[in-house]
Each structure stands twice: as C-alpha cells, then as structure tokens.
Amino acid sequence: MNMITCNTSEEAAQVAAQLVIDRVNAKPDAILGLPTGGTPLGMYAALAKAVREKRVDLSAVTTFNLDEYCGLPVSHPESYLTFMTRNFYAPCGLAAAQTHIPDGEAADPDAEALAYDNAIRAIGGIDLQVLGIGHNGHIGFNEPGTPPDARTHSVLLTEQTRRANARFFASLDEVPTRAITMGIATILEARELLLLANGADKADILAAALRGPVTPDNPASFLQGHPRLTVIADRAAGARIVS
Ligand code: F6R
C-alpha cells in the first residue's frame with residue numbers, strides 16, 4: 001500500500017488528480033471507476049482545470065461509476081448521474097457514450113446490476129478505481145456485512161448512510177432507501193485502486209480499514225488485500241494511522 005498524507009484536503013485533491021492524469025497520460029483510453037460524494041469534488045475540479053489547460057486529454061477514457069440511487073428520477077439534482085454531469089462529465093467535456101452509471105430507474109434493479117457488471121467485464125475491467133469511504137467503512141454502497149465475493153448488486157442503504165447523505169437532500173425522508181452498487185469483488189478486480197479520505201470524521205474508520213482486521217464489518221478493510229492500492233488522505237483523516 002502506498003499511503004500519502006497531505007496537509008490539506010485541497011492538496012490531497014491535487015495529488016489525487018495528478019495520479020489520475022499520470023495514468024491517463026500513460027494510457028489515454030484508460031477505463032476509470034469513479035465515486036460520487038463530497039470527497040472527490042476537489043479532484044474533479046482539479047481534473048477539469050487540467051483538461052482546460054491541456055495537461056490531460058480525457059476524450060478517449062471510459063468511465064464506470066460505483067453506484068446510483070434507486071427510485072430517484074435521473075433528472076433529480078442529487079441523482080448520481082446528475083452529480084457526475086455537473087461535477088465531472090460536463091466540466092471535462094466527456095460524451096455520454098464514454099460514461100456509465102447504473103440505471104437507478106431500471107424496472108428490475110438486479111437485472112440492471114448484472115448487466116452493469118457484465119459491461120465492466122466485457123470492456124476488459126477497470127484500470128483505476130477511485131473510492132471514497134463511508135463512516136461505517138462502506139465502499140460504493142457495500143454496507144457492513146457485505147461479503148467480499150459480492151458483484152454489482154442492489155442494496156438497502158443503512159440508516160447511518162442515509163443520514164450521512166441527507167445533507168444533500170431537503171430532508172431525510174427524501175433520501176432513497178435503495179441503490180445499485182458495484183460489489184466488493186468487482187471493485188477489487190480493478191487493476192489499481194485509489195482510496196480518498198478527508199476530515200477528522202473519517203480518521204477512525206480509515207485507520208480501522210487499513211490497519212485493523214479484514215472483516216465484512218468494515219468493507220473497506222478488504223482493500224488491504226489489493227496489490228496496488230494508493231491511499232490519499234488529508235492530515236485529519238490520516239491522523240489515527242500508525243505506520
Ligand atoms: C459514492 C460512494 C460512497 C462514498 C462514501 C463517502 O459513490 O461510493 O462510498 O464514497 O459514502 O462519501 P463522502 O465522500 O460524501 O464522505
């Protein structure tokens with residue numbers, strides 16, 4: 001594992017963006033796995049700036065997002081498709097054909113999950129998967145208790161996750177109860193992983209994930225077994241990790 005601790009979340013975002021830029025410059029048609037949430041916003045802004053300044057060309061990449069809410073119209077401002085369009089696809093000039101995200105409005109979420117997983121396999125797998133970490137250790141929406149062999153599937157969100165995400169909605173009631181997520185096995189098959197974490201509220205769970213036992217109680221702990229994992233944390237999130 002390569003652990004990079006930065007002084008600030010802004011610096012962490014720059015370092016994360018540079019890692020993505022380096023990988024895409026080395027392989028312009030890279031397959032990128034991407035997260036939503038608050039953590040990657042700085043990285044997305046830094047990537048958009050790099051595109052504008054022609055330090056990277058994203059026109060040949062293909063992206064697969066980790067997850068999408070079920071039962072939220074895709075036009076909703078907090079659907080992950082809208083989030084990605086606003087924060088990454090549009091600012092970086094990505095065409096719709098380059099981007100993939102599970103269809104949260106699919107009539108059969110399990111069939112949609114299977115088709116999504118098959119699409120990732122069909123393209124040859126993900127080169128670089130970027131991840132955030134939930135306060136309960138979730139990666140994607142793989143909540144505690146998810147087995148490591150889980151592939152892309154539909155899930156019931158925990159109360160803790162819904163409460164954490166309520167900040168993006170008018171009320172907790174509006175937060176969807178289900179989602180489709182890449183599974184832990186799907187995530188671990190990526191050839192490289194980049195885990196991002198910011199803020200003191202992530203310090204305990206990040207330390208437990210990286211230094212504690214590998215257990216479904218903390219899904220991010222399964223990342224310990226990946227041969228090519230980089231963790232980029234700001235000082236507050238990295239504070240509890242003893243080397
Ligand atoms: C979102 C995702 C989640 C988030 C996690 C952290 O696509 O996969 O696992 O990475 O909930 O969210 P933030 O960054 O908002 O703290």
# chains A, B, ... in the order shown; residues from 1 in each chain; ligands from 1
>>> residues_near_ligand(ligand="ligand 1", cutoff="10 Å", atoms="only C-alpha atoms and all ligand atoms", output="ChimeraX atom specification")
/A:33-41,65-69,80,83-84,130-143,161-162,164-165,167-168,181-182,195-199,201-202,220
>>> residues_around(residues="Glu10 in chain A", least_positions_apart="3", cutoff="12 Å", atoms="only C-alpha atoms", output="list of chain:residue names")
A:Thr5, A:Cys6, A:Asn7, A:Ala13, A:Gln14, A:Val15, A:Ala16, A:Ala17, A:Thr39, A:Pro40, A:Leu41, A:Gly42, A:Met43, A:Tyr44, A:Ala45, A:Ala46, A:Ala197, A:Asn198, A:Gly199, A:Ile232, A:Ala233, A:Asp234, A:Arg235
>>> closest_residue(among="A:Arg191, A:Arg240, A:Ile120, A:Asp29", to="Ala209 in chain A", atoms="only C-alpha atoms")
A:Arg240
>>> closest_residue(among="A:Asp149, A:Glu112, A:Asp117, A:Asp127", to="Arg228 in chain A", atoms="only C-alpha atoms")
A:Asp127
>>> select_by_dssp(residues="range 4-230 of chain A", states="helix (DSSP H, G or I)", output="ChimeraX atom specification")
/A:9-26,41-52,80-92,96-98,109-122,159-168,172-174,184-188,200-211,219-225
>>> write_last_selection(atoms="C-alpha atoms", output="mmCIF file, in the first residue's frame")
data_model
loop_
_atom_site.group_PDB
_atom_site.id
_atom_site.type_symbol
_atom_site.label_atom_id
_atom_site.label_comp_id
_atom_site.auth_asym_id
_atom_site.auth_seq_id
_atom_site.Cartn_x
_atom_site.Cartn_y
_atom_site.Cartn_z
ATOM 1 C CA SER A 9 -7.861 18.405 1.551
ATOM 2 C CA GLU A 10 -7.052 20.856 -1.261
ATOM 3 C CA GLU A 11 -3.542 19.423 -1.532
ATOM 4 C CA ALA A 12 -4.971 15.879 -1.378
ATOM 5 C CA ALA A 13 -7.274 16.733 -4.286
ATOM 6 C CA GLN A 14 -4.338 17.973 -6.374
ATOM 7 C CA VAL A 15 -2.279 14.863 -5.627
ATOM 8 C CA ALA A 16 -5.237 12.599 -6.462
ATOM 9 C CA ALA A 17 -5.916 14.463 -9.715
ATOM 10 C CA GLN A 18 -2.240 14.201 -10.667
ATOM 11 C CA LEU A 19 -2.315 10.437 -10.143
ATOM 12 C CA VAL A 20 -5.322 10.182 -12.491
ATOM 13 C CA ILE A 21 -3.622 12.491 -15.006
ATOM 14 C CA ASP A 22 -0.459 10.380 -14.938
ATOM 15 C CA ARG A 23 -2.404 7.170 -15.533
ATOM 16 C CA VAL A 24 -4.432 8.672 -18.404
ATOM 17 C CA ASN A 25 -1.353 10.221 -19.997
ATOM 18 C CA ALA A 26 0.255 6.764 -19.893
ATOM 19 C CA LEU A 41 -15.152 17.075 -5.598
ATOM 20 C CA GLY A 42 -11.745 18.760 -5.320
ATOM 21 C CA MET A 43 -10.168 16.080 -7.507
ATOM 22 C CA TYR A 44 -12.868 16.546 -10.154
ATOM 23 C CA ALA A 45 -12.345 20.328 -10.138
ATOM 24 C CA ALA A 46 -8.581 19.826 -10.487
ATOM 25 C CA LEU A 47 -9.122 17.412 -13.394
ATOM 26 C CA ALA A 48 -11.424 19.880 -15.151
ATOM 27 C CA LYS A 49 -8.729 22.559 -14.791
ATOM 28 C CA ALA A 50 -6.120 20.164 -16.176
ATOM 29 C CA VAL A 51 -8.367 19.463 -19.185
ATOM 30 C CA ARG A 52 -8.805 23.203 -19.805
ATOM 31 C CA TYR A 80 -25.520 10.379 -9.187
ATOM 32 C CA LEU A 81 -25.907 10.833 -12.928
ATOM 33 C CA THR A 82 -26.782 14.498 -12.384
ATOM 34 C CA PHE A 83 -23.959 14.826 -9.828
ATOM 35 C CA MET A 84 -21.414 13.408 -12.268
ATOM 36 C CA THR A 85 -22.702 15.511 -15.166
ATOM 37 C CA ARG A 86 -22.439 18.666 -13.049
ATOM 38 C CA ASN A 87 -19.067 17.956 -11.434
ATOM 39 C CA PHE A 88 -17.164 15.878 -13.960
ATOM 40 C CA TYR A 89 -18.696 14.933 -17.314
ATOM 41 C CA ALA A 90 -19.663 18.467 -18.386
ATOM 42 C CA PRO A 91 -16.629 20.345 -16.993
ATOM 43 C CA CYS A 92 -14.290 17.749 -18.551
ATOM 44 C CA ALA A 96 -22.417 10.385 -22.876
ATOM 45 C CA ALA A 97 -21.094 7.352 -24.782
ATOM 46 C CA GLN A 98 -17.902 7.434 -22.670
ATOM 47 C CA PRO A 109 -32.535 -3.480 -10.427
ATOM 48 C CA ASP A 110 -30.999 -6.961 -10.140
ATOM 49 C CA ALA A 111 -31.003 -7.415 -13.914
ATOM 50 C CA GLU A 112 -29.536 -3.909 -14.278
ATOM 51 C CA ALA A 113 -26.808 -4.750 -11.750
ATOM 52 C CA LEU A 114 -25.891 -7.923 -13.644
ATOM 53 C CA ALA A 115 -25.814 -6.089 -16.985
ATOM 54 C CA TYR A 116 -23.581 -3.377 -15.446
ATOM 55 C CA ASP A 117 -21.168 -5.947 -14.052
ATOM 56 C CA ASN A 118 -21.076 -7.714 -17.424
ATOM 57 C CA ALA A 119 -20.346 -4.417 -19.192
ATOM 58 C CA ILE A 120 -17.298 -3.884 -16.947
ATOM 59 C CA ARG A 121 -16.057 -7.408 -17.693
ATOM 60 C CA ALA A 122 -16.750 -7.013 -21.425
ATOM 61 C CA GLU A 159 -29.827 4.360 8.344
ATOM 62 C CA GLN A 160 -26.311 5.746 9.002
ATOM 63 C CA THR A 161 -25.592 6.099 5.292
ATOM 64 C CA ARG A 162 -28.976 7.709 4.614
ATOM 65 C CA ARG A 163 -28.365 10.174 7.461
ATOM 66 C CA ALA A 164 -24.869 10.985 6.157
ATOM 67 C CA ASN A 165 -26.293 11.673 2.685
ATOM 68 C CA ALA A 166 -29.305 13.642 3.971
ATOM 69 C CA ARG A 167 -27.133 16.774 3.801
ATOM 70 C CA PHE A 168 -27.637 16.730 0.033
ATOM 71 C CA LEU A 172 -34.039 12.506 5.455
ATOM 72 C CA ASP A 173 -37.344 11.241 4.019
ATOM 73 C CA GLU A 174 -36.182 12.260 0.548
ATOM 74 C CA ILE A 184 -16.613 -5.647 -3.441
ATOM 75 C CA ALA A 185 -15.351 -8.336 -5.839
ATOM 76 C CA THR A 186 -15.993 -6.036 -8.805
ATOM 77 C CA ILE A 187 -14.060 -3.232 -7.079
ATOM 78 C CA LEU A 188 -11.148 -5.495 -6.085
ATOM 79 C CA ALA A 200 -11.334 14.075 11.191
ATOM 80 C CA ASP A 201 -14.676 12.259 10.997
ATOM 81 C CA LYS A 202 -13.016 9.657 8.725
ATOM 82 C CA ALA A 203 -9.899 9.135 10.889
ATOM 83 C CA ASP A 204 -11.135 6.186 12.981
ATOM 84 C CA ILE A 205 -12.781 4.244 10.169
ATOM 85 C CA LEU A 206 -9.825 4.801 7.823
ATOM 86 C CA ALA A 207 -7.335 3.539 10.421
ATOM 87 C CA ALA A 208 -9.544 0.526 11.157
ATOM 88 C CA ALA A 209 -9.867 -0.216 7.435
ATOM 89 C CA LEU A 210 -6.148 -0.049 6.731
ATOM 90 C CA ARG A 211 -4.644 -1.395 9.964
ATOM 91 C CA PRO A 219 -15.945 -3.400 3.959
ATOM 92 C CA ALA A 220 -13.050 -1.043 3.193
ATOM 93 C CA SER A 221 -10.748 -3.443 5.088
ATOM 94 C CA PHE A 222 -10.940 -5.765 2.048
ATOM 95 C CA LEU A 223 -8.838 -3.198 0.188
ATOM 96 C CA GLN A 224 -5.846 -4.334 2.275
ATOM 97 C CA GLY A 225 -5.632 -7.413 0.051
#
>>> atom_distance(atom1="CA of Thr146 in chain A", atom2="CA of Phe169 in chain A")
26.0 Å
>>> closest_residue(among="A:Ser154, A:Asn2, A:Ser243, A:Thr99", to="Pro227 in chain A", atoms="only C-alpha atoms")
A:Asn2
>>> decode(residues="range 202-230 of chain A", atoms="N, CA, C and O atoms", output="PDB file, in the first residue's frame")
ATOM      1  N   LYS A 202     -13.380  10.909   9.411  1.00  0.00           N
ATOM      2  CA  LYS A 202     -13.016   9.657   8.725  1.00  0.00           C
ATOM      3  C   LYS A 202     -11.790   8.991   9.355  1.00  0.00           C
ATOM      4  O   LYS A 202     -11.383   7.912   8.921  1.00  0.00           O
ATOM      5  N   ALA A 203     -11.183   9.621  10.360  1.00  0.00           N
ATOM      6  CA  ALA A 203      -9.899   9.135  10.889  1.00  0.00           C
ATOM      7  C   ALA A 203     -10.014   7.734  11.481  1.00  0.00           C
ATOM      8  O   ALA A 203      -9.187   6.860  11.198  1.00  0.00           O
ATOM      9  N   ASP A 204     -11.023   7.492  12.320  1.00  0.00           N
ATOM     10  CA  ASP A 204     -11.135   6.186  12.981  1.00  0.00           C
ATOM     11  C   ASP A 204     -11.429   5.082  11.975  1.00  0.00           C
ATOM     12  O   ASP A 204     -10.800   4.023  12.002  1.00  0.00           O
ATOM     13  N   ILE A 205     -12.389   5.322  11.085  1.00  0.00           N
ATOM     14  CA  ILE A 205     -12.781   4.244  10.169  1.00  0.00           C
ATOM     15  C   ILE A 205     -11.663   3.967   9.160  1.00  0.00           C
ATOM     16  O   ILE A 205     -11.437   2.819   8.772  1.00  0.00           O
ATOM     17  N   LEU A 206     -10.930   5.010   8.771  1.00  0.00           N
ATOM     18  CA  LEU A 206      -9.825   4.801   7.823  1.00  0.00           C
ATOM     19  C   LEU A 206      -8.720   3.971   8.475  1.00  0.00           C
ATOM     20  O   LEU A 206      -8.201   3.025   7.865  1.00  0.00           O
ATOM     21  N   ALA A 207      -8.377   4.299   9.715  1.00  0.00           N
ATOM     22  CA  ALA A 207      -7.335   3.539  10.421  1.00  0.00           C
ATOM     23  C   ALA A 207      -7.780   2.091  10.615  1.00  0.00           C
ATOM     24  O   ALA A 207      -6.998   1.151  10.420  1.00  0.00           O
ATOM     25  N   ALA A 208      -9.038   1.893  10.972  1.00  0.00           N
ATOM     26  CA  ALA A 208      -9.544   0.526  11.157  1.00  0.00           C
ATOM     27  C   ALA A 208      -9.502  -0.239   9.839  1.00  0.00           C
ATOM     28  O   ALA A 208      -9.152  -1.421   9.800  1.00  0.00           O
ATOM     29  N   ALA A 209      -9.848   0.446   8.749  1.00  0.00           N
ATOM     30  CA  ALA A 209      -9.867  -0.216   7.435  1.00  0.00           C
ATOM     31  C   ALA A 209      -8.466  -0.644   7.005  1.00  0.00           C
ATOM     32  O   ALA A 209      -8.283  -1.718   6.445  1.00  0.00           O
ATOM     33  N   LEU A 210      -7.489   0.207   7.270  1.00  0.00           N
ATOM     34  CA  LEU A 210      -6.148  -0.049   6.731  1.00  0.00           C
ATOM     35  C   LEU A 210      -5.262  -0.835   7.674  1.00  0.00           C
ATOM     36  O   LEU A 210      -4.343  -1.524   7.233  1.00  0.00           O
ATOM     37  N   ARG A 211      -5.521  -0.742   8.990  1.00  0.00           N
ATOM     38  CA  ARG A 211      -4.644  -1.395   9.964  1.00  0.00           C
ATOM     39  C   ARG A 211      -5.356  -2.454  10.808  1.00  0.00           C
ATOM     40  O   ARG A 211      -4.718  -3.231  11.497  1.00  0.00           O
ATOM     41  N   GLY A 212      -6.685  -2.473  10.764  1.00  0.00           N
ATOM     42  CA  GLY A 212      -7.446  -3.406  11.581  1.00  0.00           C
ATOM     43  C   GLY A 212      -7.653  -4.728  10.867  1.00  0.00           C
ATOM     44  O   GLY A 212      -7.096  -4.973   9.794  1.00  0.00           O
ATOM     45  N   PRO A 213      -8.465  -5.611  11.474  1.00  0.00           N
ATOM     46  CA  PRO A 213      -8.722  -6.901  10.845  1.00  0.00           C
ATOM     47  C   PRO A 213      -9.514  -6.751   9.539  1.00  0.00           C
ATOM     48  O   PRO A 213     -10.287  -5.810   9.388  1.00  0.00           O
ATOM     49  N   VAL A 214      -9.282  -7.684   8.616  1.00  0.00           N
ATOM     50  CA  VAL A 214     -10.038  -7.707   7.364  1.00  0.00           C
ATOM     51  C   VAL A 214     -11.356  -8.411   7.659  1.00  0.00           C
ATOM     52  O   VAL A 214     -11.378  -9.600   7.984  1.00  0.00           O
ATOM     53  N   THR A 215     -12.439  -7.661   7.585  1.00  0.00           N
ATOM     54  CA  THR A 215     -13.729  -8.184   8.029  1.00  0.00           C
ATOM     55  C   THR A 215     -14.880  -7.505   7.287  1.00  0.00           C
ATOM     56  O   THR A 215     -14.797  -6.301   6.985  1.00  0.00           O
ATOM     57  N   PRO A 216     -15.970  -8.270   7.024  1.00  0.00           N
ATOM     58  CA  PRO A 216     -17.142  -7.648   6.393  1.00  0.00           C
ATOM     59  C   PRO A 216     -17.752  -6.542   7.255  1.00  0.00           C
ATOM     60  O   PRO A 216     -18.517  -5.728   6.750  1.00  0.00           O
ATOM     61  N   ASP A 217     -17.373  -6.489   8.554  1.00  0.00           N
ATOM     62  CA  ASP A 217     -17.882  -5.407   9.409  1.00  0.00           C
ATOM     63  C   ASP A 217     -17.348  -4.050   8.954  1.00  0.00           C
ATOM     64  O   ASP A 217     -17.926  -3.011   9.282  1.00  0.00           O
ATOM     65  N   ASN A 218     -16.219  -4.065   8.261  1.00  0.00           N
ATOM     66  CA  ASN A 218     -15.634  -2.838   7.724  1.00  0.00           C
ATOM     67  C   ASN A 218     -15.238  -3.136   6.273  1.00  0.00           C
ATOM     68  O   ASN A 218     -14.115  -3.541   5.986  1.00  0.00           O
ATOM     69  N   PRO A 219     -16.204  -2.963   5.344  1.00  0.00           N
ATOM     70  CA  PRO A 219     -15.945  -3.400   3.959  1.00  0.00           C
ATOM     71  C   PRO A 219     -14.659  -2.841   3.365  1.00  0.00           C
ATOM     72  O   PRO A 219     -13.998  -3.516   2.572  1.00  0.00           O
ATOM     73  N   ALA A 220     -14.278  -1.621   3.756  1.00  0.00           N
ATOM     74  CA  ALA A 220     -13.050  -1.043   3.193  1.00  0.00           C
ATOM     75  C   ALA A 220     -11.812  -1.827   3.617  1.00  0.00           C
ATOM     76  O   ALA A 220     -10.756  -1.709   2.988  1.00  0.00           O
ATOM     77  N   SER A 221     -11.911  -2.645   4.662  1.00  0.00           N
ATOM     78  CA  SER A 221     -10.748  -3.443   5.088  1.00  0.00           C
ATOM     79  C   SER A 221     -10.347  -4.445   4.003  1.00  0.00           C
ATOM     80  O   SER A 221      -9.190  -4.863   3.951  1.00  0.00           O
ATOM     81  N   PHE A 222     -11.291  -4.824   3.125  1.00  0.00           N
ATOM     82  CA  PHE A 222     -10.940  -5.765   2.048  1.00  0.00           C
ATOM     83  C   PHE A 222      -9.928  -5.159   1.082  1.00  0.00           C
ATOM     84  O   PHE A 222      -9.258  -5.886   0.349  1.00  0.00           O
ATOM     85  N   LEU A 223      -9.806  -3.839   1.087  1.00  0.00           N
ATOM     86  CA  LEU A 223      -8.838  -3.198   0.188  1.00  0.00           C
ATOM     87  C   LEU A 223      -7.412  -3.565   0.564  1.00  0.00           C
ATOM     88  O   LEU A 223      -6.502  -3.497  -0.267  1.00  0.00           O
ATOM     89  N   GLN A 224      -7.196  -3.947   1.826  1.00  0.00           N
ATOM     90  CA  GLN A 224      -5.846  -4.334   2.275  1.00  0.00           C
ATOM     91  C   GLN A 224      -5.253  -5.431   1.405  1.00  0.00           C
ATOM     92  O   GLN A 224      -4.042  -5.533   1.265  1.00  0.00           O
ATOM     93  N   GLY A 225      -6.115  -6.279   0.839  1.00  0.00           N
ATOM     94  CA  GLY A 225      -5.632  -7.413   0.051  1.00  0.00           C
ATOM     95  C   GLY A 225      -5.282  -7.052  -1.382  1.00  0.00           C
ATOM     96  O   GLY A 225      -4.841  -7.913  -2.147  1.00  0.00           O
ATOM     97  N   HIS A 226      -5.487  -5.791  -1.774  1.00  0.00           N
ATOM     98  CA  HIS A 226      -5.240  -5.427  -3.178  1.00  0.00           C
ATOM     99  C   HIS A 226      -3.754  -5.132  -3.391  1.00  0.00           C
ATOM    100  O   HIS A 226      -3.136  -4.420  -2.610  1.00  0.00           O
ATOM    101  N   PRO A 227      -3.181  -5.670  -4.479  1.00  0.00           N
ATOM    102  CA  PRO A 227      -1.739  -5.484  -4.684  1.00  0.00           C
ATOM    103  C   PRO A 227      -1.329  -4.072  -5.075  1.00  0.00           C
ATOM    104  O   PRO A 227      -0.147  -3.718  -4.987  1.00  0.00           O
ATOM    105  N   ARG A 228      -2.263  -3.250  -5.525  1.00  0.00           N
ATOM    106  CA  ARG A 228      -1.864  -1.906  -5.985  1.00  0.00           C
ATOM    107  C   ARG A 228      -2.863  -0.871  -5.454  1.00  0.00           C
ATOM    108  O   ARG A 228      -3.761  -0.420  -6.169  1.00  0.00           O
ATOM    109  N   LEU A 229      -2.680  -0.533  -4.198  1.00  0.00           N
ATOM    110  CA  LEU A 229      -3.587   0.409  -3.529  1.00  0.00           C
ATOM    111  C   LEU A 229      -2.815   1.658  -3.122  1.00  0.00           C
ATOM    112  O   LEU A 229      -1.791   1.567  -2.439  1.00  0.00           O
ATOM    113  N   THR A 230      -3.327   2.821  -3.549  1.00  0.00           N
ATOM    114  CA  THR A 230      -2.810   4.101  -3.048  1.00  0.00           C
ATOM    115  C   THR A 230      -3.902   4.739  -2.212  1.00  0.00           C
ATOM    116  O   THR A 230      -5.079   4.748  -2.612  1.00  0.00           O
TER     117      THR A 230
END
